[in-house]
Each structure stands twice: as C-alpha cells, then as structure tokens.
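K.L.:
What follows is a structure written as structure tokens; I'll ask about it next.
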Amino acid sequence: MNDTTLTRGARWFRALAGDLRADAPVWSGDAQLGAENARFIAVVPDPDNRFPRATDNVVGLEQGWRLARAVREVIDEDARTGSTGARRPIVAIVDVKSQAYGYREEMLGIHLACAAAVDAYASARAAGHPVIALIVGPAMSGAFLAHGYQANRIVALDAPGTMVHAMGKEAAARVTRRTVEELDALGETIVPMSYSMASFAKLGLLDELIEGVDADAPDDAQIDRVRQVLIDSVRSAREGSRDLSRRLTSGAARKTRAASIEVRQRLAEQWDAV
Amino acid sequence: MNTGATPPTPLLRESFIELSARDRARALLDAGTFRELLGPFDRIESPWLPMQGIVCQADDGAVIARGTIDGEPAVVAAIESAFQGGSIGEVSGSKIAAALELALRDCERGRIVRPVVLFETGGVRLQEANLGLAVIAEIQAAIVALRRHVPVVGVIAGMVGCFGGMSLAAALCSYLVVTKQGRLGMNGPEVIEQEAGIDELDASDRRRVWQLIGGEQRAATGLADTLTEDDSSAVREAVRHAFAQGVPSAHRSEQVDTYLARLAQIDPATVTPESMRAVFGSQARNPSKEDA
C-alpha cells in the first residue's frame, strides 16, 4: 500500500480485492469476502481515456456503460448457474468526484450511460444480489446515482474527504447566491444541505459510519474491520427486502424524513377512489 | 353541391407547453377521469424551504393524478416548472416516487396501472440537496421495478427540459415522448460552460445548444422515441401509442453491448451532432442479440 499515486477508490479496491487485472476507468473483479466470492467495482482515473473530460475518477460515457457491463456480467453469470446458489454480493467502492461535464458527453448521452449503471445496480438488487456501497471518498451527485445509490446497504468511512452531495460546495454557493461560509452555516441547521458525513448519517440513508479508519493509508487491522462491515452488510441485505423501503424505517429517517413518510402514507390513503 | 360555408376545419390546436402541470395531466387522461391525489388542499409542503426564507407552494410543484388512458387505469406525475424551476425536493420527489411505488404494488397484485411522468425539471432542488438526490434515487428504483410490468412513459415537452438526476430517470423510461421545445441532458449548458469553460460550450449559443440536446436531435439519435408537435392531442396520441406497444424486449438502458459498440465507432475528436446520427440513428431501437 505504498503507492501514493493511487486514488482512494483504487487503493481500497486493491486492499479488498487484491491486485486483479482490471482496465481503467472501471476496475471490476471477484475476490473472497468472508466465506464467499464477491464482485468489487471501482471507478478509477484513466489519463488516456478517449474522452478528455472523463480522465479523472468521474463518471462519463465509458464509465457509465462499463459499470453497467460489470454488474450485468455478475447477474448473467449467476443466473446461468441456476437459482440454487446464493447470488454473488456486489461491492461498489465509491470515490467519484462528479459526472463528466462536457459537450461530447451531452451529445452522446451521458444521461443514458449513467442510467444504464443505475439500471444494472437496481436490477442486481432486484435479482437478489446483495449490493453494498462503500464510500471511501466523494460520492457526488449524478456519479453517486450511477455508482452506489441503488445499493441495499450504504456504509461510509468517517474520514476527511468522504461526502455525499448533490453539487460541489463552490458551485452550489454560486447557484444559490450564497457564500461558501453561508452554505456551511446553513448546513448546521438544515441537515440535507450539510457536506459532512455525520449529517448525512442523520438522513437515515447510511447504514454504518465506520470510524477510526485512515482512508488514505489503512493498516491491515483497519482493512479487516472494513471487510467485516461488508460481510455483516451482505448478511443484513440478504435478510432484508430487495427494494429501498428500508431507507425510511430507521429512527433517523422517521425524524428527518418525516415528510417523505407522510407523503407515502397519505398518497396510499387516496390512491383508490372511495 | 353544398356551396355554403365550408365546415369548420379543426384548427383548434391547444399548446401543451403552455399548460400548467395540472392541466397537462388532465389533458393526457381520458376526458372526465382526472382525479388529483395530495392536491393543494392537502397542503403537504416542503419542510426545508421556510427555514431558508423561501415561500412554499401547497403542492410543492408536483401534481399526481389518477384516471384512465384508453380506458385503462393510469397515474400521471407532472412536474410544475413554474415552481422553483421544477426542481426536485423531498416532498415533490417523494410524491412522484410514492405514485410509482403504488402503481408497482397494484401491478404486482395483477392490476396494471399505466404510469406517465411529465419531466420538466433542472434536477435536485439545491435547498434540499441531499434529500433531493435521495428521492431521485428512489424514483429511479421505482421506474426500473415498475417497467417489468408495464411501460413507463416519460414526456419532455419543454420549456425547462429535463436535467440532472432526473435525466437519468427519463432515460430509464420505456418510451420517451419529446417535442422540439423539449431538451434532455444530464448537465445543463450553463453548468458545462461553468465547469469546463466557454471553449467547451458557449451556453449563450442557443442554436448550438438546441442542436446538441433538443428534442429533435434526441429523437433522431434514438435517445427519445417519439417527436410530436406542441399540441395536446398529439402528445396524448403519442402517449397512447407508447402504451399500445407494450413493454419493450430490451429497454434502452439495458442495451449495454449495443451502446458500447456505438461509442467505439465514435471519434471524440471529430464527432458532431450531425455525424453522430449515422451511428446512433437508423438502428437505434434494434437491440443487438446479446442485449435482447
């Protein structure tokens, strides 16, 4: 783990899945997780990518479609081996700065490429694969939608640099006509606007915040702890439902997402005409 | 021979774009069947906007209506662009997600409900940031689950268009109906100019932007299915036609090999919206064998 040029996503892929042969910008491969094999997937920088706006650890056209291919490979292989075996867990290692912003990206349908990844992860979940998102860096906006947000379980390192958000802080400040300082202050009272992982945990969307792990240079004990969290998450996902309804059931969700819950209850009451 | 006044030709075109979300939903449902759920009188508003000194709207900018389409039970989720640019907040997004989840429940019980989503949105409402993003993930999950049972039909009529995380939701739909005035993209032109510089895209160059993400181009390249006039009855016909086609054998977002092969044929250095049509155009709706 001495290679300081690795991004966090690449580093954690190596730590958990080993030195598999994988091609940038999407690393994908199987490795042992507890008593079984699991598929690990990460988006990594690709300096030679044909699309110049998608050379960093961002989700662009090729990233979106290749994420979809990596996930569908697992679905198809396990479907072929029959319904007797347990479906392989899929671990999305999340370290994505953003979607790719570019003229060619829009032209060639980056929205569809990202949707393809959403579709694949959601389909894997529906087919009974435990899908776990492990957030080790930024999990931003459309990139997180494409790589992680369809998971049965979401866990995150509580470390500097991990965050979930809809827009980078500077851009959000510009768009909402506020200063970055004002935005930070707002985040303290308005939980969904906060950029801290601890605040994100209050929304009921996070299943575990893993404390005390060095995200950039984890030691073996720390890696083992993260691996154990993944094993527990896989077990928990298999015991739970295949949809996302769990996100509204925690104590945190009942408090912070009361409106989401009320909308569902009242819409259900009015659904069929009386 | 009748030499009297010629019978009145039905020139009574009604602009769909000029309608509010509520009237758009009404226009798509069979006459007299519109019934709104969680309407303004239910007053479920954003809990987050008042904390920031922003005035709420009693429907939070999303209209959910039940009724029938061609006599079949249906639900329309229509986004109102006049409120906060159609942005998705916790309540407006949850209304759409919940409507799709209830349609799914009915479908799983053998009662098919036809779902239509009218996209008119810039994406996440930044004042509700992470909850907007979360509900968009829930909307996407519901679309993927639902479209196994029944086509999910999306409409992008304009003038706001469909951007951000909701552009992914649109791409997950079984069929997309667009007008020339509808735009579909993940990142709006202003965002691209801001993030990548004016050399990448000059957002004020309207012609270039329309050629890039406008409804006509999206339909010509298979990223949308039907291009219609801005006319209520034309949009209604397109939606009815989409449902009549049934669930596609492979949804666009499932056609991984097809699209990876198309991308491989593209030279990023020279590709233009016009030259892209040759690769994405003619067989856009014919999935390859591997994908089907």
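Residues in the structure tokens are numbered from 1 in each chain, the chains being A, B, ... in the order shown, and ligands are numbered from 1 in the order shown.
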Please determine the contact residues of chain B with respect to chain A at a cut-off of 6 Å, counting only C-alpha atoms, and supply them as an MDAnalysis selection string.

P.N.:
chainID B and resid 94 98 128:131 165 167:168 171 185:186 192 212 253

K.L.:
Output the selection as a PDB file, in the first residue's frame - C-alpha atoms for each residue.

P.N.:
ATOM      1  CA  SER B  94     -41.500  11.673  -2.752  1.00  0.00           C
ATOM      2  CA  ALA B  98     -44.761   7.128  -3.994  1.00  0.00           C
ATOM      3  CA  GLU B 128     -32.919  20.363  -0.123  1.00  0.00           C
ATOM      4  CA  ALA B 129     -29.748  18.986  -1.648  1.00  0.00           C
ATOM      5  CA  ASN B 130     -29.148  15.522  -0.251  1.00  0.00           C
ATOM      6  CA  LEU B 131     -32.818  14.685   0.191  1.00  0.00           C
ATOM      7  CA  GLY B 165     -30.503  13.203 -11.865  1.00  0.00           C
ATOM      8  CA  SER B 167     -32.405  12.971 -16.898  1.00  0.00           C
ATOM      9  CA  LEU B 168     -31.321   9.511 -15.738  1.00  0.00           C
ATOM     10  CA  ALA B 171     -33.549   7.572 -19.689  1.00  0.00           C
ATOM     11  CA  GLY B 185     -29.314  16.367 -20.917  1.00  0.00           C
ATOM     12  CA  MET B 186     -27.520  15.475 -17.729  1.00  0.00           C
ATOM     13  CA  ILE B 192     -20.922  22.780 -18.659  1.00  0.00           C
ATOM     14  CA  LEU B 212     -26.976  19.241 -29.048  1.00  0.00           C
ATOM     15  CA  SER B 253     -30.682   1.412 -20.592  1.00  0.00           C
TER      16      SER B 253
END

K.L.:
Tell me which protein, DNA and RNA residues are within 6 Å of Val131 (chain A), counting only C-alpha atoms, leaving out same-chain ones fewer than 6 positions away, and put them as a PDB file with N, CA and C atoms, in the first residue's frame.

P.N.:
ATOM      1  N   PRO A  89     -22.497 -11.246  -3.856  1.00  0.00           N
ATOM      2  CA  PRO A  89     -22.548  -9.851  -3.416  1.00  0.00           C
ATOM      3  C   PRO A  89     -21.784  -8.961  -4.390  1.00  0.00           C
ATOM      4  N   ILE A  90     -22.242  -7.735  -4.509  1.00  0.00           N
ATOM      5  CA  ILE A  90     -21.573  -6.740  -5.350  1.00  0.00           C
ATOM      6  C   ILE A  90     -21.213  -5.553  -4.460  1.00  0.00           C
ATOM      7  N   VAL A  91     -19.932  -5.213  -4.409  1.00  0.00           N
ATOM      8  CA  VAL A  91     -19.479  -4.094  -3.585  1.00  0.00           C
ATOM      9  C   VAL A  91     -19.040  -2.959  -4.505  1.00  0.00           C
ATOM     10  N   ALA A 151     -27.809   0.791  -3.948  1.00  0.00           N
ATOM     11  CA  ALA A 151     -27.404  -0.337  -3.111  1.00  0.00           C
ATOM     12  C   ALA A 151     -28.429  -0.674  -2.031  1.00  0.00           C
ATOM     13  N   ASN A 152     -28.430  -1.952  -1.622  1.00  0.00           N
ATOM     14  CA  ASN A 152     -29.251  -2.357  -0.472  1.00  0.00           C
ATOM     15  C   ASN A 152     -28.754  -1.713   0.814  1.00  0.00           C
TER      16      ASN A 152
END

K.L.:
Give me, as a PyMOL selection string, all polymer residues having an atom no more than 9 Å from region 209-217 of chain A, counting only C-alpha atoms and skipping those fewer than 6 positions away in the same chain.

P.N.:
chain A and resi 1-2+4+7-8+11-12+136-137+155-162+197-198+201+223+225-226+229

K.L.:
Restricting the output to C-alpha atoms, write the selected residues as a tab-separated table (two decimals), in the first residue's frame.

P.N.:
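Produced file again36.tsv, reproduced below:
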chain	number	residue	atom	x	y	z
A	1	MET	CA	0.00	0.00	0.00
A	2	ASN	CA	2.93	2.30	-0.63
A	4	THR	CA	0.93	7.19	-3.20
A	7	THR	CA	-6.76	7.33	-5.68
A	8	ARG	CA	-8.76	6.17	-2.70
A	11	ARG	CA	-6.41	1.92	-3.07
A	12	TRP	CA	-9.45	0.32	-1.44
A	136	VAL	CA	-14.26	5.97	0.72
A	137	GLY	CA	-14.11	9.39	-0.97
A	155	VAL	CA	-21.65	2.30	4.50
A	156	ALA	CA	-19.02	5.03	4.65
A	157	LEU	CA	-15.66	5.76	6.18
A	158	ASP	CA	-15.88	8.63	8.63
A	159	ALA	CA	-12.78	10.35	7.31
A	160	PRO	CA	-11.83	13.72	5.81
A	161	GLY	CA	-12.84	13.79	2.17
A	162	THR	CA	-15.76	11.39	2.30
A	197	MET	CA	-20.79	12.57	6.56
A	198	ALA	CA	-22.11	12.74	10.12
A	201	ALA	CA	-25.99	9.78	8.58
A	223	ILE	CA	-8.87	-3.11	6.35
A	225	ARG	CA	-12.61	-4.05	10.11
A	226	VAL	CA	-13.98	-2.63	6.87
A	229	VAL	CA	-18.57	-4.40	7.97

K.L.:
Per DSSP on the backbone, filter region 34-162 of chain B down to the residues in helix (DSSP H, G or I) and report them as a PyMOL selection string.

P.N.:
chain B and resi 40-42+50-52+84-86+90-108+126-146

K.L.:
Could you write out the selected residues, including C-alpha atoms, as a compact mmCIF listing (two decimals), in the first residue's frame?

P.N.:
# COMPACT_ATOMS: atom_id res chain seq x y z
CA PRO B 40 -53.02 21.74 -2.89
CA PHE B 41 -55.70 21.43 -0.21
CA ASP B 42 -53.76 18.63 1.45
CA PRO B 50 -39.37 28.05 5.09
CA MET B 51 -36.19 27.53 7.14
CA GLN B 52 -34.42 29.39 4.34
CA GLN B 84 -38.58 26.52 -8.27
CA GLY B 85 -37.76 25.53 -11.86
CA GLY B 86 -39.38 22.15 -11.41
CA GLU B 90 -38.14 15.97 -0.59
CA VAL B 91 -41.92 16.35 -0.96
CA SER B 92 -42.25 16.79 -4.73
CA GLY B 93 -39.85 13.91 -5.34
CA SER B 94 -41.50 11.67 -2.75
CA LYS B 95 -44.88 12.29 -4.38
CA ILE B 96 -43.53 11.01 -7.69
CA ALA B 97 -41.71 8.06 -6.06
CA ALA B 98 -44.76 7.13 -3.99
CA ALA B 99 -47.06 7.26 -7.03
CA LEU B 100 -44.75 4.91 -8.93
CA GLU B 101 -44.39 2.62 -5.89
CA LEU B 102 -48.18 2.37 -5.55
CA ALA B 103 -48.51 1.64 -9.25
CA LEU B 104 -45.92 -1.11 -8.75
CA ARG B 105 -47.88 -2.53 -5.81
CA ASP B 106 -51.02 -2.67 -7.94
CA CYS B 107 -49.15 -4.25 -10.86
CA GLU B 108 -47.71 -6.92 -8.55
CA LEU B 126 -30.33 22.64 -4.07
CA GLN B 127 -32.05 23.97 -0.95
CA GLU B 128 -32.92 20.36 -0.12
CA ALA B 129 -29.75 18.99 -1.65
CA ASN B 130 -29.15 15.52 -0.25
CA LEU B 131 -32.82 14.68 0.19
CA GLY B 132 -33.50 15.71 -3.39
CA LEU B 133 -30.74 13.38 -4.55
CA ALA B 134 -32.05 10.59 -2.30
CA VAL B 135 -35.61 10.78 -3.63
CA ILE B 136 -34.33 10.83 -7.20
CA ALA B 137 -32.59 7.50 -6.46
CA GLU B 138 -35.94 6.24 -5.14
CA ILE B 139 -37.78 7.43 -8.27
CA GLN B 140 -35.20 5.62 -10.41
CA ALA B 141 -35.56 2.42 -8.37
CA ALA B 142 -39.33 2.56 -8.79
CA ILE B 143 -39.14 3.06 -12.56
CA VAL B 144 -36.81 0.07 -13.01
CA ALA B 145 -39.06 -2.15 -10.88
CA LEU B 146 -42.29 -0.96 -12.49

K.L.:
Which residue gives the smallest distance to Ser98 (chain A) among A:Val180, A:Ala185, A:Val59, A:Ile75, with only C-alpha atoms counted?

P.N.:
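Ranking A:Val180, A:Ala185, A:Val59, A:Ile75 by distance to Ser98 (chain A), first place goes to A:Val59.
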
K.L.:
I'd like to know which of A:Lys97, A:Thr5, A:Ala253, A:Ala42 is closest to Pro25 (chain A), using only C-alpha atoms.

P.N.:
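Using only C-alpha atoms, Pro25 (chain A) sits closest to A:Ala42.
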
K.L.:
Excluding Val279 (chain B) and any residue of its chain fewer than 6 positions from it, enumerate the residues within 12 Å of it, using only C-alpha atoms, and give them as an MDAnalysis selection string.

P.N.:
(chainID A and resid 108) or (chainID B and resid 220:222 258:267 271:273)

K.L.:
Nearest residue to Ala234 (chain B) out of B:Gln217, B:Ser81, B:Ser174, B:Thr179, using only C-alpha atoms?

P.N.:
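Of B:Gln217, B:Ser81, B:Ser174, B:Thr179, the one nearest Ala234 (chain B) is B:Thr179, counting only C-alpha atoms.
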